[in-house]
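Containing PDB, C-alpha atoms: query21.pdb.
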```pdb
MODEL        1
ATOM      1  CA  MET A 911     -44.059  13.909  30.540
ATOM      2  CA  VAL A 912     -40.829  15.683  31.470
ATOM      3  CA  LYS A 913     -39.569  18.171  28.887
ATOM      4  CA  ASP A 914     -35.905  18.450  28.078
ATOM      5  CA  GLY A 915     -34.182  21.525  29.457
ATOM      6  CA  PHE A 916     -32.262  24.044  27.405
ATOM      7  CA  GLY A 917     -28.954  22.381  28.253
ATOM      8  CA  ASP A 918     -30.256  18.968  27.119
ATOM      9  CA  ARG A 919     -31.438  20.392  23.797
ATOM     10  CA  VAL A 920     -28.089  22.078  23.202
ATOM     11  CA  MET A 921     -26.235  18.865  24.002
ATOM     12  CA  SER A 922     -28.531  16.861  21.711
ATOM     13  CA  PHE A 923     -27.956  19.373  18.916
ATOM     14  CA  LEU A 924     -24.181  19.190  19.341
ATOM     15  CA  ILE A 925     -24.256  15.394  19.339
ATOM     16  CA  HIS A 926     -26.276  15.340  16.113
ATOM     17  CA  VAL A 927     -23.903  17.833  14.472
ATOM     18  CA  CYS A 928     -20.866  15.776  15.493
ATOM     19  CA  LEU A 929     -22.464  12.580  14.170
ATOM     20  CA  LEU A 930     -23.350  14.275  10.874
ATOM     21  CA  VAL A 931     -19.790  15.564  10.471
ATOM     22  CA  LEU A 932     -18.347  12.155  11.352
ATOM     23  CA  GLY A 933     -20.743  10.451   8.949
ATOM     24  CA  PHE A 934     -19.788  12.847   6.165
ATOM     25  CA  PHE A 935     -16.057  12.253   6.578
ATOM     26  CA  THR A 936     -16.682   8.507   6.733
ATOM     27  CA  PHE A 937     -18.897   8.330   3.657
ATOM     28  CA  TYR A 938     -17.269  10.931   1.423
ATOM     29  CA  PRO A 939     -14.149   8.912   0.414
ATOM     30  CA  PHE A 940     -16.371   6.105  -0.858
ATOM     31  CA  TRP A 941     -18.663   8.558  -2.640
ATOM     32  CA  ASN A 942     -15.718  10.331  -4.265
ATOM     33  CA  ALA A 943     -14.305   7.015  -5.468
ATOM     34  CA  ALA A 944     -17.679   6.207  -7.036
ATOM     35  CA  VAL A 945     -17.799   9.657  -8.692
ATOM     36  CA  ILE A 946     -14.314   9.215 -10.162
ATOM     37  CA  SER A 947     -15.229   5.751 -11.441
ATOM     38  CA  PHE A 948     -18.097   7.309 -13.433
ATOM     39  CA  ASN A 949     -16.031  10.254 -14.639
ATOM     40  CA  SER A 950     -13.772  10.407 -17.680
ATOM     41  CA  GLY A 951     -10.218   9.577 -16.641
ATOM     42  CA  THR A 952      -8.640  12.405 -18.613
ATOM     43  CA  ASP A 953     -11.121  14.886 -17.136
ATOM     44  CA  THR A 954     -10.348  13.616 -13.612
ATOM     45  CA  LEU A 955      -6.679  14.492 -14.142
ATOM     46  CA  LEU A 956      -7.710  18.158 -14.400
ATOM     47  CA  GLY A 957      -8.867  18.051 -10.777
ATOM     48  CA  GLY A 958     -11.992  19.414  -9.145
ATOM     49  CA  VAL A 959     -14.086  16.233  -9.374
ATOM     50  CA  THR A 960     -15.642  16.012  -5.921
ATOM     51  CA  PHE A 961     -19.379  15.360  -5.468
ATOM     52  CA  TRP A 962     -20.643  14.761  -9.014
ATOM     53  CA  PRO A 963     -19.151  13.408 -12.256
ATOM     54  CA  ARG A 964     -18.181  16.289 -14.525
ATOM     55  CA  ASP A 965     -17.837  14.145 -17.652
ATOM     56  CA  LEU A 966     -20.195  11.217 -17.052
ATOM     57  CA  THR A 967     -19.135   7.933 -18.654
ATOM     58  CA  VAL A 968     -19.328   4.193 -18.065
ATOM     59  CA  ASP A 969     -16.230   3.421 -20.110
ATOM     60  CA  ASN A 970     -14.255   2.533 -16.981
ATOM     61  CA  TYR A 971     -16.765  -0.168 -16.093
ATOM     62  CA  THR A 972     -16.892  -1.334 -19.713
ATOM     63  CA  ILE A 973     -13.176  -2.059 -19.581
ATOM     64  CA  VAL A 974     -13.435  -3.755 -16.174
ATOM     65  CA  PHE A 975     -16.237  -6.090 -17.232
ATOM     66  CA  ARG A 976     -14.504  -6.885 -20.526
ATOM     67  CA  ASP A 977     -11.299  -7.932 -18.785
ATOM     68  CA  ALA A 978     -11.552 -11.701 -18.369
ATOM     69  CA  ARG A 979      -8.925 -11.706 -15.623
ATOM     70  CA  LEU A 980     -10.848  -9.324 -13.387
ATOM     71  CA  LEU A 981     -14.084 -11.212 -13.967
ATOM     72  CA  ASN A 982     -12.309 -14.445 -13.077
ATOM     73  CA  GLY A 983     -11.029 -12.812  -9.885
ATOM     74  CA  PHE A 984     -14.565 -11.676  -9.055
ATOM     75  CA  LEU A 985     -15.840 -15.233  -9.544
ATOM     76  CA  ILE A 986     -13.072 -16.633  -7.325
ATOM     77  CA  SER A 987     -14.010 -14.120  -4.610
ATOM     78  CA  VAL A 988     -17.688 -15.108  -4.775
ATOM     79  CA  ILE A 989     -16.936 -18.834  -4.615
ATOM     80  CA  ARG A 990     -14.422 -18.356  -1.823
ATOM     81  CA  THR A 991     -16.843 -16.259   0.219
ATOM     82  CA  LEU A 992     -19.722 -18.705  -0.132
ATOM     83  CA  ILE A 993     -17.746 -21.873   0.554
ATOM     84  CA  GLY A 994     -15.524 -20.302   3.205
ATOM     85  CA  THR A 995     -18.437 -18.812   5.133
ATOM     86  CA  VAL A 996     -20.525 -21.997   5.155
ATOM     87  CA  LEU A 997     -17.638 -24.260   6.180
ATOM     88  CA  ALA A 998     -16.258 -21.826   8.779
ATOM     89  CA  ILE A 999     -19.628 -21.285  10.470
ATOM     90  CA  LEU A1000     -20.336 -25.028  10.418
ATOM     91  CA  ALA A1001     -16.933 -25.984  11.867
ATOM     92  CA  THR A1002     -17.009 -23.227  14.493
ATOM     93  CA  ALA A1003     -20.553 -24.095  15.580
ATOM     94  CA  ILE A1004     -19.637 -27.783  15.973
ATOM     95  CA  PHE A1005     -16.561 -26.827  18.000
ATOM     96  CA  ALA A1006     -18.598 -24.466  20.184
ATOM     97  CA  TYR A1007     -21.339 -27.034  20.786
ATOM     98  CA  GLY A1008     -18.759 -29.564  21.922
ATOM     99  CA  MET A1009     -17.281 -27.020  24.304
ATOM    100  CA  THR A1010     -20.661 -26.666  26.051
ATOM    101  CA  LYS A1011     -20.546 -30.286  27.247
ATOM    102  CA  ARG A1012     -19.527 -30.570  30.876
ATOM    103  CA  GLU A1013     -18.522 -34.202  30.378
ATOM    104  CA  LEU A1014     -15.962 -33.267  27.711
ATOM    105  CA  ILE A1015     -12.545 -34.361  28.943
ATOM    106  CA  GLY A1016      -9.943 -31.596  28.769
ATOM    107  CA  LYS A1017     -12.470 -28.849  28.038
ATOM    108  CA  LYS A1018     -10.580 -26.233  30.057
ATOM    109  CA  LEU A1019      -7.329 -27.133  28.332
ATOM    110  CA  TYR A1020      -8.937 -26.771  24.900
ATOM    111  CA  MET A1021     -10.341 -23.395  25.877
ATOM    112  CA  ILE A1022      -6.982 -22.169  27.171
ATOM    113  CA  MET A1023      -5.224 -23.355  24.011
ATOM    114  CA  GLY A1024      -7.814 -21.600  21.887
ATOM    115  CA  ILE A1025      -7.562 -18.326  23.785
ATOM    116  CA  ILE A1026      -3.762 -18.395  23.526
ATOM    117  CA  THR A1027      -4.072 -18.388  19.734
ATOM    118  CA  MET A1028      -6.026 -15.125  19.998
ATOM    119  CA  TYR A1029      -3.019 -13.362  21.513
ATOM    120  CA  PHE A1030      -0.005 -15.185  20.111
ATOM    121  CA  GLY A1031       0.820 -16.482  16.638
ATOM    122  CA  GLY A1032       3.719 -18.344  15.126
ATOM    123  CA  GLY A1033       4.437 -15.626  12.590
ATOM    124  CA  LEU A1034       4.498 -15.543   8.819
ATOM    125  CA  ILE A1035       7.498 -17.830   8.216
ATOM    126  CA  PRO A1036       6.258 -20.760  10.380
ATOM    127  CA  SER A1037       2.798 -20.364   8.832
ATOM    128  CA  PHE A1038       4.299 -20.423   5.352
ATOM    129  CA  LEU A1039       6.293 -23.580   6.154
ATOM    130  CA  LEU A1040       3.202 -25.247   7.634
ATOM    131  CA  ILE A1041       1.052 -24.421   4.616
ATOM    132  CA  ARG A1042       3.758 -25.755   2.310
ATOM    133  CA  GLU A1043       4.094 -29.016   4.241
ATOM    134  CA  LEU A1044       0.328 -29.493   4.200
ATOM    135  CA  GLY A1045       0.372 -29.234   0.409
ATOM    136  CA  LEU A1046      -1.958 -26.233   0.318
ATOM    137  CA  MET A1047       0.398 -23.921  -1.543
ATOM    138  CA  ASN A1048      -1.054 -22.523  -4.763
ATOM    139  CA  THR A1049      -4.453 -24.151  -4.213
ATOM    140  CA  PHE A1050      -7.932 -22.746  -3.710
ATOM    141  CA  TRP A1051      -8.225 -24.408  -0.297
ATOM    142  CA  VAL A1052      -5.386 -22.363   1.178
ATOM    143  CA  MET A1053      -7.931 -19.536   1.397
ATOM    144  CA  ILE A1054     -10.468 -21.756   3.191
ATOM    145  CA  ILE A1055      -8.915 -24.357   5.518
ATOM    146  CA  PRO A1056      -6.534 -22.195   7.627
ATOM    147  CA  GLY A1057      -9.406 -19.901   8.614
ATOM    148  CA  LEU A1058     -12.036 -22.544   9.358
ATOM    149  CA  ILE A1059     -12.052 -22.014  13.126
ATOM    150  CA  SER A1060     -12.359 -18.603  14.762
ATOM    151  CA  VAL A1061     -11.922 -18.753  18.533
ATOM    152  CA  TYR A1062     -13.685 -15.417  18.958
ATOM    153  CA  ASN A1063     -16.728 -16.679  17.029
ATOM    154  CA  MET A1064     -16.552 -19.974  18.925
ATOM    155  CA  ILE A1065     -16.795 -18.148  22.258
ATOM    156  CA  ILE A1066     -19.860 -16.227  21.059
ATOM    157  CA  PHE A1067     -21.464 -19.426  19.767
ATOM    158  CA  ARG A1068     -20.648 -21.279  22.980
ATOM    159  CA  THR A1069     -22.048 -18.560  25.224
ATOM    160  CA  PHE A1070     -25.255 -18.430  23.200
ATOM    161  CA  PHE A1071     -25.659 -22.219  23.199
ATOM    162  CA  MET A1072     -25.204 -22.302  26.979
ATOM    163  CA  GLY A1073     -28.010 -19.771  27.310
ATOM    164  CA  LEU A1074     -30.552 -22.064  25.658
ATOM    165  CA  PRO A1075     -32.901 -23.968  28.005
ATOM    166  CA  ASN A1076     -31.482 -27.318  29.050
ATOM    167  CA  GLY A1077     -34.920 -28.870  28.743
ATOM    168  CA  LEU A1078     -34.800 -28.642  24.956
ATOM    169  CA  GLU A1079     -31.797 -30.915  24.692
ATOM    170  CA  GLU A1080     -33.037 -33.280  27.374
ATOM    171  CA  SER A1081     -36.419 -33.645  25.666
ATOM    172  CA  ALA A1082     -34.773 -34.298  22.323
ATOM    173  CA  LYS A1083     -32.516 -36.980  23.750
ATOM    174  CA  ILE A1084     -35.485 -38.656  25.443
ATOM    175  CA  ASP A1085     -37.050 -38.866  21.983
ATOM    176  CA  GLY A1086     -33.904 -40.601  20.730
ATOM    177  CA  CYS A1087     -32.089 -37.640  19.185
ATOM    178  CA  THR A1088     -28.289 -37.805  19.102
ATOM    179  CA  ASN A1089     -25.909 -34.906  19.779
ATOM    180  CA  TRP A1090     -25.686 -34.269  16.026
ATOM    181  CA  GLY A1091     -29.453 -34.233  15.792
ATOM    182  CA  VAL A1092     -29.748 -31.805  18.716
ATOM    183  CA  LEU A1093     -27.229 -29.469  17.122
ATOM    184  CA  PHE A1094     -28.698 -29.420  13.614
ATOM    185  CA  ARG A1095     -32.395 -29.799  14.430
ATOM    186  CA  ILE A1096     -32.738 -27.706  17.580
ATOM    187  CA  VAL A1097     -29.712 -25.611  18.537
ATOM    188  CA  LEU A1098     -28.772 -24.103  15.168
ATOM    189  CA  PRO A1099     -32.375 -23.312  14.100
ATOM    190  CA  LEU A1100     -32.762 -21.363  17.369
ATOM    191  CA  SER A1101     -29.509 -19.460  16.784
ATOM    192  CA  GLY A1102     -30.666 -17.306  13.872
ATOM    193  CA  PRO A1103     -29.395 -13.904  15.098
ATOM    194  CA  VAL A1104     -25.964 -15.243  16.041
ATOM    195  CA  LEU A1105     -25.689 -17.252  12.814
ATOM    196  CA  ALA A1106     -26.586 -14.216  10.704
ATOM    197  CA  THR A1107     -24.170 -11.909  12.519
ATOM    198  CA  LEU A1108     -21.179 -14.241  12.533
ATOM    199  CA  SER A1109     -21.875 -15.335   8.965
ATOM    200  CA  LEU A1110     -21.661 -11.735   7.806
ATOM    201  CA  PHE A1111     -18.453 -11.144   9.783
ATOM    202  CA  THR A1112     -16.934 -14.269   8.239
ATOM    203  CA  ALA A1113     -18.144 -13.409   4.736
ATOM    204  CA  ILE A1114     -16.663  -9.911   4.967
ATOM    205  CA  TYR A1115     -13.337 -11.401   6.077
ATOM    206  CA  HIS A1116     -13.223 -13.768   3.113
ATOM    207  CA  TRP A1117     -14.375 -11.084   0.667
ATOM    208  CA  ASN A1118     -11.854  -8.466   1.798
ATOM    209  CA  ASP A1119      -8.862 -10.721   2.437
ATOM    210  CA  TRP A1120      -6.182 -10.046  -0.156
ATOM    211  CA  PHE A1121      -3.111 -10.874   1.944
ATOM    212  CA  THR A1122      -3.503 -14.662   2.163
ATOM    213  CA  PRO A1123      -3.688 -15.232  -1.625
ATOM    214  CA  SER A1124      -0.811 -12.812  -2.229
ATOM    215  CA  ILE A1125       1.453 -14.927   0.003
ATOM    216  CA  TYR A1126       0.419 -18.475  -0.802
ATOM    217  CA  ILE A1127      -0.875 -18.311  -4.386
ATOM    218  CA  SER A1128       1.141 -17.586  -7.510
ATOM    219  CA  ASN A1129      -1.385 -18.912 -10.039
ATOM    220  CA  LEU A1130      -3.069 -15.815 -11.460
ATOM    221  CA  ASP A1131      -6.232 -17.779 -12.209
ATOM    222  CA  LEU A1132      -6.761 -18.418  -8.471
ATOM    223  CA  LEU A1133      -6.287 -14.847  -7.270
ATOM    224  CA  PRO A1134      -9.466 -13.141  -5.967
ATOM    225  CA  ILE A1135     -10.370  -9.689  -7.169
ATOM    226  CA  GLN A1136      -9.210  -8.059  -3.923
ATOM    227  CA  THR A1137      -5.652  -9.297  -4.434
ATOM    228  CA  LYS A1138      -5.670  -8.149  -8.038
ATOM    229  CA  LEU A1139      -7.004  -4.770  -6.963
ATOM    230  CA  GLN A1140      -4.278  -4.459  -4.326
ATOM    231  CA  GLN A1141      -1.655  -5.241  -6.942
ATOM    232  CA  ILE A1142      -3.121  -2.601  -9.229
ATOM    233  CA  LEU A1143      -3.194   0.056  -6.517
ATOM    234  CA  SER A1144       0.273  -0.670  -5.119
ATOM    235  CA  SER A1145       2.281  -0.966  -8.321
ATOM    236  CA  ASN A1146       2.637   0.506 -11.766
ATOM    237  CA  ILE A1147       1.099  -2.389 -13.627
ATOM    238  CA  MET A1148      -2.017  -0.529 -14.729
ATOM    239  CA  SER A1149      -0.485   0.324 -18.089
ATOM    240  CA  GLU A1150       0.175  -3.366 -18.615
ATOM    241  CA  GLN A1151      -3.330  -4.140 -17.395
ATOM    242  CA  MET A1152      -4.803  -1.839 -20.017
ATOM    243  CA  ALA A1153      -2.458  -3.015 -22.756
ATOM    244  CA  GLN A1154      -3.374  -6.664 -22.298
ATOM    245  CA  MET A1155      -7.147  -6.316 -22.566
ATOM    246  CA  ASP A1156      -8.904  -9.064 -24.473
ATOM    247  CA  SER A1157      -9.828  -8.684 -28.122
ATOM    248  CA  ALA A1158     -13.347  -7.497 -27.312
ATOM    249  CA  ALA A1159     -11.984  -4.514 -25.415
ATOM    250  CA  LYS A1160      -9.476  -3.712 -28.146
ATOM    251  CA  GLY A1161     -12.346  -2.818 -30.400
ATOM    252  CA  HIS A1162     -13.015   0.221 -28.224
ATOM    253  CA  MET A1163      -9.745   2.088 -28.601
ATOM    254  CA  GLU A1164     -11.496   5.454 -28.753
ATOM    255  CA  ARG A1165     -13.033   4.838 -25.366
ATOM    256  CA  MET A1166      -9.723   3.729 -23.881
ATOM    257  CA  LYS A1167      -8.147   7.053 -24.772
ATOM    258  CA  THR A1168     -10.210   8.678 -22.012
ATOM    259  CA  ILE A1169      -9.313   6.053 -19.388
ATOM    260  CA  THR A1170      -6.502   6.462 -16.868
ATOM    261  CA  SER A1171      -5.065   4.186 -14.216
ATOM    262  CA  LYS A1172      -6.878   6.087 -11.470
ATOM    263  CA  SER A1173     -10.302   5.921 -13.090
ATOM    264  CA  LEU A1174      -9.892   2.230 -13.888
ATOM    265  CA  SER A1175      -8.707   1.403 -10.369
ATOM    266  CA  MET A1176     -11.685   3.262  -8.857
ATOM    267  CA  ALA A1177     -14.083   1.295 -11.064
ATOM    268  CA  THR A1178     -12.434  -1.956 -10.008
ATOM    269  CA  MET A1179     -12.700  -0.887  -6.373
ATOM    270  CA  MET A1180     -16.426  -0.260  -6.760
ATOM    271  CA  VAL A1181     -16.957  -3.680  -8.321
ATOM    272  CA  ALA A1182     -15.134  -5.264  -5.367
ATOM    273  CA  THR A1183     -16.959  -3.233  -2.696
ATOM    274  CA  VAL A1184     -20.589  -2.877  -3.764
ATOM    275  CA  PRO A1185     -21.594  -6.572  -3.279
ATOM    276  CA  VAL A1186     -20.798  -6.427   0.454
ATOM    277  CA  ILE A1187     -22.630  -3.118   0.833
ATOM    278  CA  CYS A1188     -25.708  -4.628  -0.831
ATOM    279  CA  VAL A1189     -25.753  -7.596   1.566
ATOM    280  CA  TYR A1190     -25.250  -5.586   4.759
ATOM    281  CA  PRO A1191     -28.756  -4.002   5.052
ATOM    282  CA  PHE A1192     -30.442  -7.416   5.014
ATOM    283  CA  VAL A1193     -28.619  -8.631   8.134
ATOM    284  CA  GLN A1194     -28.088  -5.333   9.941
ATOM    285  CA  LYS A1195     -31.043  -5.961  12.243
ATOM    286  CA  TYR A1196     -29.310  -9.057  13.610
ATOM    287  CA  PHE A1197     -26.082  -7.275  14.579
ATOM    288  CA  VAL A1198     -26.895  -5.857  17.997
ATOM    289  CA  LYS A1199     -29.251  -8.681  18.936
ATOM    290  CA  GLY A1200     -26.881 -11.431  17.857
ATOM    291  CA  VAL A1201     -23.684 -10.078  19.345
ATOM    292  CA  LEU A1202     -25.228  -8.940  22.632
ATOM    293  CA  ILE A1203     -27.118 -12.183  23.192
ATOM    294  CA  GLY A1204     -24.068 -14.241  22.339
ATOM    295  CA  SER A1205     -21.791 -12.145  24.537
ATOM    296  CA  LEU A1206     -23.904 -11.521  27.642
ATOM    297  CA  LYS A1207     -25.920 -14.648  28.265
ATOM    298  CA  GLU A1208     -24.394 -17.140  30.655
TER     299      GLU A1208
ENDMDL
END
```

Write the structure described by the file as structure tokens, please.
Amino acid sequence: MVKDGFGDRVMSFLIHVCLLVLGFFTFYPFWNAAVISFNSGTDTLLGGVTFWPRDLTVDNYTIVFRDARLLNGFLISVIRTLIGTVLAILATAIFAYGMTKRELIGKKLYMIMGIITMYFGGGLIPSFLLIRELGLMNTFWVMIIPGLISVYNMIIFRTFFMGLPNGLEESAKIDGCTNWGVLFRIVLPLSGPVLATLSLFTAIYHWNDWFTPSIYISNLDLLPIQTKLQQILSSNIMSEQMAQMDSAAKGHMERMKTITSKSLSMATMMVATVPVICVYPFVQKYFVKGVLIGSLKE
């Protein structure tokens, strides 16, 4: 066994120090936001709240979970993420499986057209006019249908599908299985790592997307929590937000005296962020395996 030299140990130490520093600066903003969300708003205004809450309280979260509008936005985000992820992965996988067929007429043209959309777009105004003409304005489906197909995900799916043994499909067709049967009974069950990775990527997109609803939806009942959070953080409507709490929250006026716009916005941010963080560890092991297999196999 060859031992590392002094230079190697020094380099390894420096790399670990750099990674620790980078990790600290990456994680600290999120940690500080969580600390502020659990700290009294009036105490936060005094400054100096960094690593631990100085005046621990859950009043900020009490107000958030008593606000029916924020809870409705959270529910919309959950429904959108679930439906959007399932439909997008299903549509993209079907598209990718079709693109693996050599007998498909115009396959190269379809691929070129798809790749062009990765580099060029019509812009916001043409997209707005298209959405309006399709009748999707101010509907839930405007957050789902336009993003059904991802060319990038399709390429990863296609490359992975092409790496599967041809004998599997041939054997299935000999047994009378159709193309749909091959896809849903053989190909997709063997694509676990890629499915898990791309599903998480798609779910994160749907969960974090606030821009699409802010452009195409004016009905407040259809806005996801991310859009409502963006509106809170980018405007001075927090005072109105706090003034229009439902009757249940109005019974806690003493608690509301310690709440500020910053503390309430941090609590809302935590509610919108923590669900994704909780899901990530369960699919992390598929990341490298799924992306590398889908990208490198031919």

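Of the residues under consideration (A:Phe948, A:Tyr1007, A:Tyr1126, A:Phe916), A:Phe948 shows the shortest atom-to-atom contact distance to Lys1172 in chain A when counting all atoms listed in the file.
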
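In this model, the gap between CA of Phe1111 in chain A and CA of Ile1187 in chain A comes to 12.7 Å.
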
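Comparing the minimum interatomic distances between Phe1067 in chain A and each of A:Ile1035, A:Ala1006, A:Ala1082, A:Met1053, counting all atoms listed in the file, we find that A:Ala1006 sits nearest.
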
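Residue nearest Ala1003 in chain A, chosen from A:Val988, A:Leu932, A:Leu1074, A:Leu1093 and counting only C-alpha atoms: A:Leu1093.
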
* Name the residues captured by the PyMOL selection byres ((chain A and resi 976-986) around 8) when it is applied to the shown file; answer as a PyMOL selection string. => chain A and resi 972-975+987-990+1131-1136+1138+1155-1156+1158-1159+1182

Export, as a PDB file, in the frame of the given file, the selected residues with C-alpha atoms.
```pdb
ATOM      1  CA  THR A 972     -16.892  -1.334 -19.713  1.00  0.00           C
ATOM      2  CA  ILE A 973     -13.176  -2.059 -19.581  1.00  0.00           C
ATOM      3  CA  VAL A 974     -13.435  -3.755 -16.174  1.00  0.00           C
ATOM      4  CA  PHE A 975     -16.237  -6.090 -17.232  1.00  0.00           C
ATOM      5  CA  SER A 987     -14.010 -14.120  -4.610  1.00  0.00           C
ATOM      6  CA  VAL A 988     -17.688 -15.108  -4.775  1.00  0.00           C
ATOM      7  CA  ILE A 989     -16.936 -18.834  -4.615  1.00  0.00           C
ATOM      8  CA  ARG A 990     -14.422 -18.356  -1.823  1.00  0.00           C
ATOM      9  CA  ASP A1131      -6.232 -17.779 -12.209  1.00  0.00           C
ATOM     10  CA  LEU A1132      -6.761 -18.418  -8.471  1.00  0.00           C
ATOM     11  CA  LEU A1133      -6.287 -14.847  -7.270  1.00  0.00           C
ATOM     12  CA  PRO A1134      -9.466 -13.141  -5.967  1.00  0.00           C
ATOM     13  CA  ILE A1135     -10.370  -9.689  -7.169  1.00  0.00           C
ATOM     14  CA  GLN A1136      -9.210  -8.059  -3.923  1.00  0.00           C
ATOM     15  CA  LYS A1138      -5.670  -8.149  -8.038  1.00  0.00           C
ATOM     16  CA  MET A1155      -7.147  -6.316 -22.566  1.00  0.00           C
ATOM     17  CA  ASP A1156      -8.904  -9.064 -24.473  1.00  0.00           C
ATOM     18  CA  ALA A1158     -13.347  -7.497 -27.312  1.00  0.00           C
ATOM     19  CA  ALA A1159     -11.984  -4.514 -25.415  1.00  0.00           C
ATOM     20  CA  ALA A1182     -15.134  -5.264  -5.367  1.00  0.00           C
TER      21      ALA A1182
END
```

Rebuild range 1168-1179 of chain A so that it carries N, CA, C and O atoms, then output the result as an mmCIF file, in the frame of the given file.
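Now in selection.cif:
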```
data_model
loop_
_atom_site.group_PDB
_atom_site.id
_atom_site.type_symbol
_atom_site.label_atom_id
_atom_site.label_comp_id
_atom_site.auth_asym_id
_atom_site.auth_seq_id
_atom_site.Cartn_x
_atom_site.Cartn_y
_atom_site.Cartn_z
ATOM 1 N N THR A 1168 -9.755 7.828 -23.110
ATOM 2 C CA THR A 1168 -10.210 8.678 -22.012
ATOM 3 C C THR A 1168 -10.027 8.013 -20.655
ATOM 4 O O THR A 1168 -10.410 8.584 -19.629
ATOM 5 N N ILE A 1169 -9.448 6.813 -20.626
ATOM 6 C CA ILE A 1169 -9.313 6.053 -19.388
ATOM 7 C C ILE A 1169 -7.901 6.181 -18.845
ATOM 8 O O ILE A 1169 -6.921 6.108 -19.587
ATOM 9 N N THR A 1170 -7.802 6.388 -17.533
ATOM 10 C CA THR A 1170 -6.502 6.462 -16.868
ATOM 11 C C THR A 1170 -6.426 5.379 -15.803
ATOM 12 O O THR A 1170 -7.423 4.716 -15.491
ATOM 13 N N SER A 1171 -5.248 5.208 -15.243
ATOM 14 C CA SER A 1171 -5.065 4.186 -14.216
ATOM 15 C C SER A 1171 -5.934 4.468 -12.993
ATOM 16 O O SER A 1171 -6.477 3.561 -12.380
ATOM 17 N N LYS A 1172 -6.079 5.736 -12.643
ATOM 18 C CA LYS A 1172 -6.878 6.087 -11.470
ATOM 19 C C LYS A 1172 -8.347 5.778 -11.687
ATOM 20 O O LYS A 1172 -9.007 5.192 -10.813
ATOM 21 N N SER A 1173 -8.882 6.162 -12.842
ATOM 22 C CA SER A 1173 -10.302 5.921 -13.090
ATOM 23 C C SER A 1173 -10.592 4.429 -13.163
ATOM 24 O O SER A 1173 -11.624 3.964 -12.657
ATOM 25 N N LEU A 1174 -9.683 3.669 -13.771
ATOM 26 C CA LEU A 1174 -9.892 2.230 -13.888
ATOM 27 C C LEU A 1174 -9.779 1.549 -12.527
ATOM 28 O O LEU A 1174 -10.542 0.635 -12.213
ATOM 29 N N SER A 1175 -8.841 1.996 -11.704
ATOM 30 C CA SER A 1175 -8.707 1.403 -10.369
ATOM 31 C C SER A 1175 -9.914 1.724 -9.498
ATOM 32 O O SER A 1175 -10.354 0.886 -8.697
ATOM 33 N N MET A 1176 -10.490 2.923 -9.626
ATOM 34 C CA MET A 1176 -11.685 3.262 -8.857
ATOM 35 C C MET A 1176 -12.876 2.402 -9.287
ATOM 36 O O MET A 1176 -13.678 1.978 -8.450
ATOM 37 N N ALA A 1177 -13.003 2.150 -10.588
ATOM 38 C CA ALA A 1177 -14.083 1.295 -11.064
ATOM 39 C C ALA A 1177 -13.921 -0.128 -10.539
ATOM 40 O O ALA A 1177 -14.898 -0.765 -10.121
ATOM 41 N N THR A 1178 -12.691 -0.620 -10.549
ATOM 42 C CA THR A 1178 -12.434 -1.956 -10.008
ATOM 43 C C THR A 1178 -12.749 -2.010 -8.521
ATOM 44 O O THR A 1178 -13.302 -2.994 -8.018
ATOM 45 N N MET A 1179 -12.413 -0.946 -7.808
ATOM 46 C CA MET A 1179 -12.700 -0.887 -6.373
ATOM 47 C C MET A 1179 -14.200 -0.933 -6.117
ATOM 48 O O MET A 1179 -14.666 -1.598 -5.179
#
```
